[in-house]
Amino acid sequence: MSAKKRKKDDLIDFTIDGQKVQARQDWTILETARQHGIYIPTLCFHPAVYPWGSCRLCVVETRQGGRANILPSCLTKPLPGLEVLTDSERVQNVRRWVLEMLLAECPASREIKGLAAKYGVASTRFAITDPTEECLKCGLCVAVCNEVVGVRALTFASRGVKKKLETPYRVPNNMCIGCGCCVSVCPTGALQKRLDTVRGDISRRTGASFAH
Ligand code: FES
């Protein structure tokens with residue numbers, strides 16, 4: 001059945017690791033896996049915000065009609081009859097490669113090192129730009145501040161390897177209410193030390209803030 005002809009409430013039947021599963025029309029492969037208790041590792045996914053698909057750790061192998069693909073499960077919607085493999089040899093190879101890139105991106109993150117070690121990745125072949133970097137630039141903190149808190153206290157500055165998490169105009173932002181949502185969703189621990197650089201010294205505030 002084509003995607004166009006499917007009705008809104010139809011469930012999609014497909015398999016994950018050989019197990020028959022059903023997805024709602026709006027579920028991704030990752031959401032379906034979670035609904036059925038099937039583990040797929042993630043870093044930049046959080047159910048409270050729209051997925052950005054920036055870490056690529058959640059890759060799975062999909063097979064259908066003689067074609068096989070490696071796709072991020074947090075962004076990919078299933079089709080009827082799709083075969084999904086969450087831990088095939090191909091998936092494991094791609095995931096190890098992704099973890100090497102993540103180790104180069106944020107080499108100081110204990111969380112990333114621990115995750116990499118679980119997959120047998122102890123070092124990286126990619127160039128390390130900043131050995132003290134912990135931020136993955138996954139955008140989860142920016143998204144939760146915008147979409148959930150509605151404050152927009154965080155943003156990204158520059159692009160490519162120079163991309164950095166910043167406050168707008170790179171000054172402490174008195175719109176920040178210090179809720180800590182950004183810290184709690186950060187998958188690498190990078191924001192734990194940075195909350196005060198975002199909100200500034202609360203005792204020195206003079207103007208109106210979001211909280212008042
Ligand atoms: S969790 Fe899917 S790309 Fe990060």
# chains A, B, ... in the order shown; residues from 1 in each chain; ligands from 1
$ residues_near_ligand --ligand "ligand 1" --cutoff "6 Å" --atoms "only C-alpha atoms and all ligand atoms" --output "PyMOL selection string"
chain A and resi 42-45+53-58+72-74
$ residues_around --residues "range 108-119 of chain A" --least-positions-apart "2" --cutoff "6 Å" --atoms "only C-alpha atoms" --output "list in words"
Leu99, Cys106, Val121, Ala122, Thr132, Glu133, Glu134 and Thr188 of chain A
$ write_last_selection --atoms "C-alpha atoms" --output "PDB file, in the first residue's frame"
ATOM      1  CA  LEU A  99      31.903   6.913  17.994  1.00  0.00           C
ATOM      2  CA  CYS A 106      34.376  16.030  22.272  1.00  0.00           C
ATOM      3  CA  VAL A 121      36.414   2.096  20.734  1.00  0.00           C
ATOM      4  CA  ALA A 122      39.316   3.406  22.827  1.00  0.00           C
ATOM      5  CA  THR A 132      39.230  20.084  26.347  1.00  0.00           C
ATOM      6  CA  GLU A 133      35.999  20.042  24.329  1.00  0.00           C
ATOM      7  CA  GLU A 134      33.012  18.252  25.851  1.00  0.00           C
ATOM      8  CA  THR A 188      27.826  14.661  27.170  1.00  0.00           C
TER       9      THR A 188
END
$ residues_around --residues "Leu165 in chain A" --least-positions-apart "5" --cutoff "10 Å" --atoms "only C-alpha atoms" --output "PyMOL selection string"
chain A and resi 135-139+141-142+154-158+170+191+198
$ write_last_selection --atoms "all heavy atoms" --output "short mmCIF file (atom, residue, chain, number, x, y, z; two decimals), in the first residue's frame"
data_model
loop_
_atom_site.label_atom_id
_atom_site.label_comp_id
_atom_site.auth_asym_id
_atom_site.auth_seq_id
_atom_site.Cartn_x
_atom_site.Cartn_y
_atom_site.Cartn_z
N CYS A 135 31.50 19.44 24.36
CA CYS A 135 30.22 19.66 23.69
C CYS A 135 30.17 19.00 22.31
O CYS A 135 31.06 19.17 21.50
CB CYS A 135 29.97 21.17 23.55
SG CYS A 135 28.47 21.55 22.63
N LEU A 136 29.11 18.28 22.10
CA LEU A 136 28.90 17.56 20.85
C LEU A 136 28.25 18.43 19.77
O LEU A 136 28.21 18.05 18.61
CB LEU A 136 27.99 16.38 21.19
CG LEU A 136 27.45 15.44 20.17
CD1 LEU A 136 28.59 14.75 19.45
CD2 LEU A 136 26.56 14.41 20.85
N LYS A 137 27.75 19.59 20.16
CA LYS A 137 26.98 20.47 19.28
C LYS A 137 25.78 19.74 18.71
O LYS A 137 25.43 19.87 17.53
CB LYS A 137 27.82 21.02 18.12
CG LYS A 137 28.78 22.12 18.47
CD LYS A 137 30.00 21.57 19.07
CE LYS A 137 31.28 22.16 18.64
NZ LYS A 137 32.43 21.43 19.18
N CYS A 138 25.15 18.94 19.53
CA CYS A 138 24.00 18.18 19.06
C CYS A 138 22.75 19.04 18.98
O CYS A 138 21.80 18.70 18.29
CB CYS A 138 23.74 16.98 19.96
SG CYS A 138 23.18 17.41 21.61
N GLY A 139 22.75 20.16 19.72
CA GLY A 139 21.62 21.09 19.63
C GLY A 139 20.46 20.78 20.56
O GLY A 139 19.45 21.49 20.56
N CYS A 141 20.25 21.13 23.81
CA CYS A 141 20.07 22.22 24.79
C CYS A 141 19.37 23.42 24.13
O CYS A 141 18.48 24.03 24.73
CB CYS A 141 21.41 22.64 25.37
SG CYS A 141 22.66 23.02 24.13
N VAL A 142 19.77 23.74 22.90
CA VAL A 142 19.17 24.86 22.17
C VAL A 142 17.69 24.55 21.93
O VAL A 142 16.81 25.39 22.14
CB VAL A 142 19.89 25.09 20.83
CG1 VAL A 142 19.20 26.19 20.02
CG2 VAL A 142 21.35 25.45 21.06
N LEU A 154 19.92 30.19 24.32
CA LEU A 154 21.11 29.57 23.73
C LEU A 154 21.01 29.57 22.22
O LEU A 154 19.92 29.52 21.66
CB LEU A 154 21.22 28.11 24.21
CG LEU A 154 21.58 27.90 25.67
CD1 LEU A 154 21.29 26.46 26.07
CD2 LEU A 154 23.04 28.22 25.92
N THR A 155 22.17 29.58 21.58
CA THR A 155 22.19 29.50 20.12
C THR A 155 23.54 28.93 19.69
O THR A 155 24.41 28.70 20.53
CB THR A 155 21.96 30.90 19.50
OG1 THR A 155 21.81 30.77 18.09
CG2 THR A 155 23.13 31.84 19.78
N PHE A 156 23.70 28.71 18.40
CA PHE A 156 25.00 28.31 17.88
C PHE A 156 25.63 29.47 17.13
O PHE A 156 24.95 30.20 16.41
CB PHE A 156 24.87 27.12 16.92
CG PHE A 156 24.73 25.80 17.63
CD1 PHE A 156 23.59 25.05 17.49
CD2 PHE A 156 25.75 25.33 18.44
CE1 PHE A 156 23.45 23.84 18.16
CE2 PHE A 156 25.62 24.13 19.11
CZ PHE A 156 24.48 23.38 18.97
N ALA A 157 26.94 29.63 17.31
CA ALA A 157 27.68 30.64 16.56
C ALA A 157 28.63 29.92 15.61
O ALA A 157 29.10 28.83 15.93
CB ALA A 157 28.48 31.52 17.52
N SER A 158 28.90 30.51 14.45
CA SER A 158 29.81 29.97 13.44
C SER A 158 29.31 28.64 12.87
O SER A 158 28.26 28.12 13.29
CB SER A 158 31.23 29.81 13.97
OG SER A 158 31.69 31.04 14.47
N ARG A 170 26.88 36.54 22.42
CA ARG A 170 27.97 36.07 23.29
C ARG A 170 28.08 36.82 24.62
O ARG A 170 29.17 37.09 25.10
CB ARG A 170 29.30 36.16 22.53
CG ARG A 170 29.31 35.24 21.35
CD ARG A 170 30.59 35.24 20.62
NE ARG A 170 30.53 34.22 19.58
CZ ARG A 170 31.29 34.20 18.52
NH1 ARG A 170 32.21 35.10 18.35
NH2 ARG A 170 31.16 33.25 17.62
N LEU A 191 27.36 20.86 29.61
CA LEU A 191 26.72 22.07 30.13
C LEU A 191 26.76 22.18 31.65
O LEU A 191 26.43 23.21 32.20
CB LEU A 191 25.28 22.16 29.64
CG LEU A 191 25.13 22.92 28.33
CD1 LEU A 191 23.71 22.82 27.82
CD2 LEU A 191 25.53 24.37 28.49
N VAL A 198 26.01 31.12 30.89
CA VAL A 198 24.80 31.39 30.09
C VAL A 198 23.94 32.45 30.79
O VAL A 198 23.55 33.45 30.20
CB VAL A 198 23.96 30.10 29.91
CG1 VAL A 198 22.64 30.40 29.22
CG2 VAL A 198 24.75 29.06 29.11
#
$ select_by_dssp --residues "range 1-64 of chain A" --states "helix (DSSP H, G or I)" --output "list in words"
Ile29, Leu30, Glu31, Thr32, Ala33, Arg34 and Gln35 of chain A
$ write_last_selection --atoms "N, CA and C atoms" --output "mmCIF file, in the first residue's frame"
data_model
loop_
_atom_site.group_PDB
_atom_site.id
_atom_site.type_symbol
_atom_site.label_atom_id
_atom_site.label_comp_id
_atom_site.auth_asym_id
_atom_site.auth_seq_id
_atom_site.Cartn_x
_atom_site.Cartn_y
_atom_site.Cartn_z
ATOM 1 N N ILE A 29 11.203 4.845 13.438
ATOM 2 C CA ILE A 29 11.678 3.496 13.804
ATOM 3 C C ILE A 29 12.121 3.488 15.273
ATOM 4 N N LEU A 30 12.808 4.563 15.695
ATOM 5 C CA LEU A 30 13.274 4.628 17.087
ATOM 6 C C LEU A 30 12.106 4.609 18.070
ATOM 7 N N GLU A 31 11.087 5.412 17.793
ATOM 8 C CA GLU A 31 9.930 5.449 18.696
ATOM 9 C C GLU A 31 9.249 4.090 18.751
ATOM 10 N N THR A 32 9.148 3.430 17.611
ATOM 11 C CA THR A 32 8.520 2.101 17.582
ATOM 12 C C THR A 32 9.354 1.104 18.387
ATOM 13 N N ALA A 33 10.685 1.190 18.211
ATOM 14 C CA ALA A 33 11.571 0.274 18.956
ATOM 15 C C ALA A 33 11.372 0.488 20.456
ATOM 16 N N ARG A 34 11.322 1.746 20.879
ATOM 17 C CA ARG A 34 11.161 2.029 22.314
ATOM 18 C C ARG A 34 9.817 1.529 22.831
ATOM 19 N N GLN A 35 8.780 1.690 22.008
ATOM 20 C CA GLN A 35 7.449 1.211 22.410
ATOM 21 C C GLN A 35 7.448 -0.301 22.615
#
$ atom_distance --atom1 "CA of Thr62 in chain A" --atom2 "CA of Glu83 in chain A"
5.6 Å
$ residues_around --residues "Ala23 in chain A" --least-positions-apart "2" --cutoff "10 Å" --atoms "only C-alpha atoms" --output "PyMOL selection string"
chain A and resi 10-14+21+25-29+31-33+35-36+77-80
$ residues_around --residues "Val60 in chain A" --least-positions-apart "5" --cutoff "7 Å" --atoms "only C-alpha atoms" --output "list of chain:residue names"
A:Ile70, A:Leu71, A:Pro72, A:Ser73, A:Val84, A:Leu85, A:Thr86, A:Val91
$ atom_distance --atom1 "CA of Glu147 in chain A" --atom2 "CA of Val49 in chain A"
6.6 Å
$ select_by_dssp --residues "chain A" --states "strand (DSSP E)" --output "ChimeraX atom specification"
/A:12-16,19-23,59-64,67-72,83-85,155-157,164-166
$ atom_distance --atom1 "CA of Val171 in chain A" --atom2 "CA of Pro51 in chain A"
27.5 Å
$ residues_around --residues "range 63-65 of chain A" --least-positions-apart "2" --cutoff "7 Å" --atoms "only C-alpha atoms" --output "VMD selection string"
chain A and resid 61 67 to 69 82 to 84
